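Below is one structure, written out as structure tokens, with a few remarks after it.
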Amino acid sequence: MCACQCGLIEVGAMKRSSGVAGFRSSRLHELRCQANLSADQLAALSGISPETVRRVEKGDRQPSGRVLRALAAALDTSTEDLAPMSGTPTLKRLRQDKGLTQREIATAVGVSPQMVSQVERGVYGVSRPEQWAAAYGVSRKRWQAAWEAGREERRERAVGRRDRGGIE
């Protein structure tokens, strides 16, 4: 049992999902206990459901960017504290850390959410990188590095699929 006597015995293994990569459920639990908050109280402070708090804290799922940002704000910490980045972040990670959706980025740059998805994965480049960088709230240089990181990640997945005979 943990120090806060909440009954959580072990943090489960994180299942693969579309949530924020690198999220540490154990760190969320630690910060909630330090703040002397129940899961219900943290849910109320963060504006998310108690069930969502419980599921991400147990490691049953990764939080979305919006949920990560709300939890970090409620615990007076950074998203980086709850989900440390390794290496250069991708555009997806930059967006998630700001709690933005693909739809919000799409509206800001005047494209479809599907196009944002393709750009984030490095499938397509853009003609106005300054406008895209502003939508993500970063410099053009940081945006470009994140776009390249997403493109490289996509290439690595493609090579991995090819090496496994097309089976993932």
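Ordering of the structure tokens sets the chain letters (A, B, ...); residue numbers start at 1 within each chain; ligands are numbered from 1 in the order shown.
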### Task
Enumerate, as an NGL selection string, the complete set of residues in chain A that a backbone-based DSSP assignment places in alpha helix (DSSP H).
:A and (25-34 or 39-46 or 50-58 or 65-74 or 79-82 or 91-97 or 102-109 or 113-120 or 129-136 or 140-163)
### Message
So that I can see what lies close to Pro129 (chain A), please list as a PyMOL selection string the residues with an atom at most 9 Å from it, counting only C-alpha atoms and leaving out residues fewer than 4 positions away in the same chain.
### Response
chain A and resi 125+133-134+140+143-144
### Message
Between A:Glu51, A:Glu152, A:Asp97, A:Asp60, which residue has the minimum interatomic distance to Met85 (chain A), considering only C-alpha atoms?
### Response
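Counting only C-alpha atoms, the residue closest to Met85 (chain A) is A:Asp97.
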Counting only C-alpha atoms, give me one row per residue of region 38-138 of chain A with an atom at most 8 Å from an atom of region 27-31 of chain A, showing the shortest contact pair and its distance in Å to one decimal, sorted by chain then residue number, as CSV.
residue,atom,partner,partner_atom,distance
A:Glu57,CA,A:His29,CA,5.9
A:Leu75,CA,A:Leu31,CA,6.9
A:Asp81,CA,A:Arg27,CA,7.9
A:Leu82,CA,A:Arg27,CA,6.1
Store the residues of this selection in a file with N, CA and C atoms, as a tab-separated table (two decimals), in the first residue's frame.
chain	number	residue	atom	x	y	z
A	57	GLU	N	-3.90	6.97	-13.46
A	57	GLU	CA	-3.01	6.76	-12.32
A	57	GLU	C	-2.63	5.28	-12.15
A	75	LEU	N	-2.13	19.99	-10.14
A	75	LEU	CA	-1.08	19.59	-9.19
A	75	LEU	C	0.07	20.60	-9.15
A	81	ASP	N	6.95	17.17	-16.17
A	81	ASP	CA	7.16	16.42	-14.93
A	81	ASP	C	6.38	15.10	-14.96
A	82	LEU	N	5.19	15.13	-15.54
A	82	LEU	CA	4.35	13.93	-15.60
A	82	LEU	C	4.68	13.04	-16.80
### Message
Nearest residue to Gln41 (chain A) out of A:Leu68, A:Ala74, A:Ala21, A:Val126, using only C-alpha atoms?
### Response
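Of A:Leu68, A:Ala74, A:Ala21, A:Val126, the one nearest Gln41 (chain A), counting only C-alpha atoms, is A:Ala74.
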